[in-house]
Amino acid sequence: MVMDLNPASSPIAGEWLDETESLEKLPAPAPRESEPDPVSGPHLNWLFVDLNSYFASVEQDVRPELRGRPVGVVPMLADTTVCITASYEAKACGVKTGTVVADAKRMCPGLELVEARHEIYVDYHRRIVEAVESCLPVTAVLSIDEMACRLMGRERPLLAAMELGWQVKRRILERVGPMMRSSVGLATNRYLAKVASDMEKPDGLVALPLDILPEALRQLSLRDLPGIGVKTEKRLNDKGIHTMDQLLAFDCEGAGELWGSVWGERLWHWLRGEDFDMSETEHLKSLSHQHVLAPEMRTAEKAWAVAHKLLHKAAMRLRAGGLWASSIGLAIGFAVPRGDKTPVSRFGVPTRGWKGELKLSECQDNQTLIAALLRLWESRPSGQEFESPYFIGVHLNGLVPDRLHSLNLFEGTEDEQNRVRLQAAMDALNNKYGLSTLAPATMLTAFKAAPTRIAFHTIPEMF
């Protein structure tokens, strides 16, 4: 419903009064219950923007022939990989993020598979940020398809915030592309705004003011809350928590004990609409890169080259973010002959997995990280069942921001300072001219094997 908020529409607005006429004789303005004051009522603090089926929507926007058709975006054109994103037409057939391509083809016979093109997705992302910022400033970019905006002053009342949400959605369609539908969530804190953005898809706009918050949350399932995945849900179920009512019944201390960490207490406050700044503690705790090897790359030598390249990319992200790693992990999936009891990976490959981790003194330089990765690589299992690696994952964990980094005895030496400057110069050249501009020779066979892929929680640089 369109509400007339123009004071000139009042029954007495614009009329001239005779100075001798008594104000008491004027008729009282008619009640306007259907036209509430835009600055009264519930107030909100955050607007959250979530692009719907982002990669698939970009492909449909770029290629009009894909519009209205089921589309699956994949890292490579192979039946053993998985769909990164599915269009809503594909989702109607049951295809979703993580569906193995071979299964997706069976579920959706007309599925159009498109190999991911990260350059286009990053370009669209930047255009979307610009479109949103033409309405209000973006406070935080949370992933390639999500961003949050803090509401200020006259933007905070419910009606004003709702109108701003519609304006953001329209501006994205007008300035970026007609297929770029988005869901907008409004709430008193960023966490609940994210929850609201997920409640009505595609193309939704949902507000969760405090007066309806308890009842609205009770309609959700545990998995509707960000941070509660399959494993966390099972852990909660094992403790007798199956519904939102049961979760909301805990007090703050009980929520902390339930999670076994400060996260439980934070969630307790968030679910009650409280808003607080986490900027001092909010940073990436881990980052990783992983890759499914093409059949011709499934040898020890070529797999090591890919692992080396994945570490190279992760280390550049680490330094760009002003972070230091306190441990490194390596995961390898080995393809084995199919048997009755052979585990099958989510990529549809009979597999035997292995992973290792090594503690580090807080570091961010290639020399230390490569040496640690090599130690992990040399500790991998050997034998006939471990001769055909098909999957490689490199993880940097226990990340610490610059402000919390503990200096060691060697960081002040001249040699160490020279190495830091050399590393910074190499990163600058690689960022400007491409990842392979300056790289170890051991990575040569991996340049084409592990191209830059889009990660949902990061916006990669254009190398």
# chains A, B, ... in the order shown; residues from 1 in each chain; ligands from 1

call {"tool": "residues_around", "arguments": {"residues": "stretch 142-150 of chain A", "least_positions_apart": "4", "cutoff": "10 Å", "atoms": "only C-alpha atoms", "output": "ChimeraX atom specification"}}
result
/A:44-55,121-122,124-126,128-129,132-133,136-138,155-156,182-186,188-191,193-194,197,454-460

call {"tool": "write_last_selection", "arguments": {"atoms": "N, CA and C atoms", "output": "CSV table (one decimal), in the first residue's frame"}}
result
chain,number,residue,atom,x,y,z
A,44,LEU,N,15.4,0.3,13.3
A,44,LEU,CA,16.3,-0.8,12.9
A,44,LEU,C,17.7,-0.2,12.7
A,45,ASN,N,18.7,-1.1,12.7
A,45,ASN,CA,20.1,-0.6,12.6
A,45,ASN,C,20.8,-1.1,11.4
A,46,TRP,N,20.3,-2.2,10.8
A,46,TRP,CA,21.1,-2.8,9.7
A,46,TRP,C,20.2,-3.2,8.5
A,47,LEU,N,20.8,-3.1,7.3
A,47,LEU,CA,20.2,-3.5,6.1
A,47,LEU,C,21.2,-4.5,5.4
A,48,PHE,N,20.7,-5.7,5.1
A,48,PHE,CA,21.6,-6.8,4.6
A,48,PHE,C,21.1,-7.1,3.2
A,49,VAL,N,22.1,-7.1,2.2
A,49,VAL,CA,21.8,-7.4,0.9
A,49,VAL,C,22.4,-8.8,0.5
A,50,ASP,N,21.5,-9.7,-0.1
A,50,ASP,CA,22.0,-11.0,-0.5
A,50,ASP,C,21.5,-11.2,-1.9
A,51,LEU,N,22.5,-11.4,-2.8
A,51,LEU,CA,22.1,-11.6,-4.2
A,51,LEU,C,21.6,-13.1,-4.4
A,52,ASN,N,20.6,-13.3,-5.2
A,52,ASN,CA,20.0,-14.6,-5.3
A,52,ASN,C,20.7,-15.4,-6.4
A,53,SER,N,21.1,-16.7,-6.1
A,53,SER,CA,21.8,-17.5,-7.0
A,53,SER,C,22.8,-16.8,-7.9
A,54,TYR,N,23.7,-16.1,-7.2
A,54,TYR,CA,24.5,-15.1,-7.7
A,54,TYR,C,25.2,-15.5,-9.0
A,55,PHE,N,26.1,-16.5,-9.0
A,55,PHE,CA,26.8,-16.8,-10.2
A,55,PHE,C,25.9,-17.2,-11.4
A,121,TYR,N,32.3,-12.4,-12.4
A,121,TYR,CA,31.6,-12.3,-11.2
A,121,TYR,C,32.1,-11.2,-10.3
A,122,VAL,N,33.5,-11.0,-10.3
A,122,VAL,CA,34.1,-9.9,-9.6
A,122,VAL,C,33.7,-8.6,-10.1
A,124,TYR,N,30.8,-7.8,-11.7
A,124,TYR,CA,29.5,-7.6,-11.3
A,124,TYR,C,29.4,-7.2,-9.9
A,125,HIS,N,30.2,-7.9,-9.0
A,125,HIS,CA,30.2,-7.6,-7.6
A,125,HIS,C,30.5,-6.1,-7.4
A,126,ARG,N,31.5,-5.6,-8.0
A,126,ARG,CA,31.9,-4.2,-7.9
A,126,ARG,C,30.8,-3.3,-8.3
A,128,ILE,N,27.6,-4.0,-8.3
A,128,ILE,CA,26.5,-4.1,-7.3
A,128,ILE,C,26.9,-3.2,-6.1
A,129,VAL,N,28.1,-3.3,-5.6
A,129,VAL,CA,28.5,-2.4,-4.5
A,129,VAL,C,28.2,-0.9,-4.8
A,132,VAL,N,24.5,-0.2,-4.7
A,132,VAL,CA,24.0,-0.1,-3.3
A,132,VAL,C,24.5,1.2,-2.7
A,133,GLU,N,25.7,1.6,-2.9
A,133,GLU,CA,26.3,2.8,-2.3
A,133,GLU,C,25.7,4.1,-2.9
A,136,LEU,N,23.0,4.1,0.0
A,136,LEU,CA,23.5,4.3,1.3
A,136,LEU,C,24.9,3.6,1.4
A,137,PRO,N,25.8,4.0,2.3
A,137,PRO,CA,27.1,3.4,2.3
A,137,PRO,C,27.1,1.9,2.7
A,138,VAL,N,28.0,1.2,2.1
A,138,VAL,CA,28.2,-0.2,2.4
A,138,VAL,C,29.2,-0.3,3.6
A,155,GLU,N,17.2,7.0,8.5
A,155,GLU,CA,17.1,5.7,7.8
A,155,GLU,C,16.6,4.6,8.7
A,156,ARG,N,16.6,4.8,10.0
A,156,ARG,CA,16.3,3.8,11.0
A,156,ARG,C,14.9,3.4,11.2
A,182,SER,N,17.7,-9.6,-5.7
A,182,SER,CA,18.3,-9.7,-4.4
A,182,SER,C,17.2,-9.8,-3.3
A,183,SER,N,17.7,-10.3,-2.2
A,183,SER,CA,16.8,-10.4,-1.0
A,183,SER,C,17.4,-9.5,0.0
A,184,VAL,N,16.6,-8.6,0.6
A,184,VAL,CA,17.1,-7.6,1.6
A,184,VAL,C,16.5,-7.9,3.0
A,185,GLY,N,17.3,-7.9,4.0
A,185,GLY,CA,16.9,-8.1,5.3
A,185,GLY,C,17.1,-6.9,6.2
A,186,LEU,N,16.2,-6.6,7.1
A,186,LEU,CA,16.3,-5.4,8.0
A,186,LEU,C,16.2,-5.9,9.4
A,188,THR,N,17.7,-5.2,13.9
A,188,THR,CA,18.4,-4.3,14.8
A,188,THR,C,19.9,-4.7,14.9
A,189,ASN,N,20.3,-5.9,14.5
A,189,ASN,CA,21.7,-6.2,14.4
A,189,ASN,C,22.0,-6.9,13.1
A,190,ARG,N,23.3,-7.0,12.7
A,190,ARG,CA,23.7,-7.5,11.4
A,190,ARG,C,23.3,-9.0,11.3
A,191,TYR,N,23.4,-9.8,12.4
A,191,TYR,CA,23.2,-11.2,12.4
A,191,TYR,C,21.7,-11.4,12.0
A,193,ALA,N,19.7,-9.3,10.5
A,193,ALA,CA,19.4,-8.8,9.2
A,193,ALA,C,19.8,-9.9,8.2
A,194,LYS,N,20.8,-10.7,8.4
A,194,LYS,CA,21.2,-11.8,7.5
A,194,LYS,C,20.1,-12.9,7.6
A,197,SER,N,17.2,-11.7,5.5
A,197,SER,CA,17.4,-11.8,4.1
A,197,SER,C,17.2,-13.2,3.6
A,454,ILE,N,36.2,-18.7,-7.5
A,454,ILE,CA,35.5,-17.8,-6.6
A,454,ILE,C,35.3,-18.6,-5.3
A,455,ALA,N,35.6,-18.0,-4.2
A,455,ALA,CA,35.2,-18.5,-2.9
A,455,ALA,C,34.1,-17.7,-2.4
A,456,PHE,N,33.1,-18.3,-1.7
A,456,PHE,CA,31.9,-17.6,-1.3
A,456,PHE,C,32.2,-16.5,-0.3
A,457,HIS,N,33.2,-16.6,0.5
A,457,HIS,CA,33.5,-15.7,1.6
A,457,HIS,C,34.6,-14.7,1.2
A,458,THR,N,35.1,-14.7,0.0
A,458,THR,CA,36.1,-13.8,-0.4
A,458,THR,C,35.9,-13.3,-1.8
A,459,ILE,N,36.4,-12.1,-2.1
A,459,ILE,CA,36.3,-11.5,-3.4
A,459,ILE,C,37.8,-11.6,-3.9
A,460,PRO,N,38.1,-12.5,-4.8
A,460,PRO,CA,39.5,-12.7,-5.2
A,460,PRO,C,40.0,-11.5,-6.1

call {"tool": "atom_distance", "arguments": {"atom1": "atom CA of A:Pro389", "atom2": "atom CA of A:Met297"}}
result
8.5 Å

call {"tool": "select_by_dssp", "arguments": {"residues": "stretch 38-185 of chain A", "states": "strand (DSSP E or B)", "output": "MDAnalysis selection string"}}
result
chainID A and resid 43 46:51 71:74 82 85:86 100 112:115 140:143 146:150 157 182:185

call {"tool": "closest_residue", "arguments": {"among": "A:Leu293, A:Val141, A:Val206, A:Asp123", "to": "A:Thr80", "atoms": "only C-alpha atoms"}}
result
A:Leu293

call {"tool": "residues_around", "arguments": {"residues": "A:Pro226", "least_positions_apart": "5", "cutoff": "12 Å", "atoms": "only C-alpha atoms", "output": "number ranges by chain"}}
result
A: 190-199, 220-221, 232-233, 263, 267, 270-271

call {"tool": "residues_around", "arguments": {"residues": "A:Ala300", "least_positions_apart": "4", "cutoff": "9 Å", "atoms": "only C-alpha atoms", "output": "JSON, numbers by chain"}}
result
{"A": [304, 305, 387, 388, 389]}

call {"tool": "atom_distance", "arguments": {"atom1": "atom CA of A:Ala187", "atom2": "atom CA of A:Asp211"}}
result
11.1 Å

call {"tool": "residues_around", "arguments": {"residues": "stretch 287-291 of chain A", "least_positions_apart": "6", "cutoff": "7 Å", "atoms": "only C-alpha atoms", "output": "list of chain:residue names"}}
result
A:Leu310, A:Ala314, A:Phe391, A:Ile392, A:Gly393, A:Val394, A:His395, A:Leu396, A:Asn397, A:Ala450

call {"tool": "select_by_dssp", "arguments": {"residues": "stretch 135-252 of chain A", "states": "alpha helix (DSSP H)", "output": "PDB file with C-alpha atoms, in the first residue's frame"}}
result
ATOM      1  CA  LEU A 158      10.766   0.941   9.990  1.00  0.00           C
ATOM      2  CA  LEU A 159       8.941   2.644   7.108  1.00  0.00           C
ATOM      3  CA  ALA A 160      12.034   4.571   6.017  1.00  0.00           C
ATOM      4  CA  ALA A 161      14.170   1.420   6.213  1.00  0.00           C
ATOM      5  CA  MET A 162      11.646  -0.579   4.175  1.00  0.00           C
ATOM      6  CA  GLU A 163      11.569   2.104   1.486  1.00  0.00           C
ATOM      7  CA  LEU A 164      15.365   2.140   1.442  1.00  0.00           C
ATOM      8  CA  GLY A 165      15.335  -1.647   0.993  1.00  0.00           C
ATOM      9  CA  TRP A 166      13.062  -1.352  -2.056  1.00  0.00           C
ATOM     10  CA  GLN A 167      15.267   1.406  -3.407  1.00  0.00           C
ATOM     11  CA  VAL A 168      18.396  -0.777  -3.117  1.00  0.00           C
ATOM     12  CA  LYS A 169      16.686  -3.657  -4.926  1.00  0.00           C
ATOM     13  CA  ARG A 170      15.479  -1.374  -7.743  1.00  0.00           C
ATOM     14  CA  ARG A 171      18.867   0.301  -8.122  1.00  0.00           C
ATOM     15  CA  ILE A 172      20.647  -3.071  -8.539  1.00  0.00           C
ATOM     16  CA  LEU A 173      18.199  -4.092 -11.272  1.00  0.00           C
ATOM     17  CA  GLU A 174      18.473  -0.741 -13.043  1.00  0.00           C
ATOM     18  CA  ARG A 175      22.232  -0.220 -12.853  1.00  0.00           C
ATOM     19  CA  ARG A 190      23.663  -7.546  11.437  1.00  0.00           C
ATOM     20  CA  TYR A 191      23.153 -11.196  12.357  1.00  0.00           C
ATOM     21  CA  LEU A 192      19.354 -10.896  12.390  1.00  0.00           C
ATOM     22  CA  ALA A 193      19.432  -8.843   9.185  1.00  0.00           C
ATOM     23  CA  LYS A 194      21.174 -11.808   7.550  1.00  0.00           C
ATOM     24  CA  VAL A 195      18.501 -14.126   8.962  1.00  0.00           C
ATOM     25  CA  ALA A 196      15.785 -11.846   7.560  1.00  0.00           C
ATOM     26  CA  SER A 197      17.389 -11.817   4.097  1.00  0.00           C
ATOM     27  CA  LEU A 213      11.127 -10.797  16.814  1.00  0.00           C
ATOM     28  CA  PRO A 214      10.294 -13.592  19.300  1.00  0.00           C
ATOM     29  CA  GLU A 215       7.339 -14.868  17.298  1.00  0.00           C
ATOM     30  CA  ALA A 216       9.193 -14.625  13.984  1.00  0.00           C
ATOM     31  CA  LEU A 217      12.177 -16.589  15.301  1.00  0.00           C
ATOM     32  CA  ARG A 218       9.931 -19.380  16.589  1.00  0.00           C
ATOM     33  CA  VAL A 230      24.700 -30.118   9.697  1.00  0.00           C
ATOM     34  CA  LYS A 231      27.324 -30.924  12.345  1.00  0.00           C
ATOM     35  CA  THR A 232      26.241 -28.184  14.752  1.00  0.00           C
ATOM     36  CA  GLU A 233      22.588 -29.163  14.379  1.00  0.00           C
ATOM     37  CA  LYS A 234      23.448 -32.784  15.214  1.00  0.00           C
ATOM     38  CA  ARG A 235      25.430 -31.670  18.252  1.00  0.00           C
ATOM     39  CA  LEU A 236      22.450 -29.586  19.423  1.00  0.00           C
ATOM     40  CA  ASN A 237      20.067 -32.485  18.758  1.00  0.00           C
ATOM     41  CA  ASP A 238      22.287 -34.766  20.843  1.00  0.00           C
ATOM     42  CA  MET A 244      13.937 -22.679  18.181  1.00  0.00           C
ATOM     43  CA  ASP A 245      11.679 -22.598  21.244  1.00  0.00           C
ATOM     44  CA  GLN A 246      14.095 -24.886  23.065  1.00  0.00           C
ATOM     45  CA  LEU A 247      17.090 -22.821  21.975  1.00  0.00           C
ATOM     46  CA  LEU A 248      15.473 -19.527  22.974  1.00  0.00           C
ATOM     47  CA  CYS A 252      22.942 -16.285  28.437  1.00  0.00           C
TER      48      CYS A 252
END
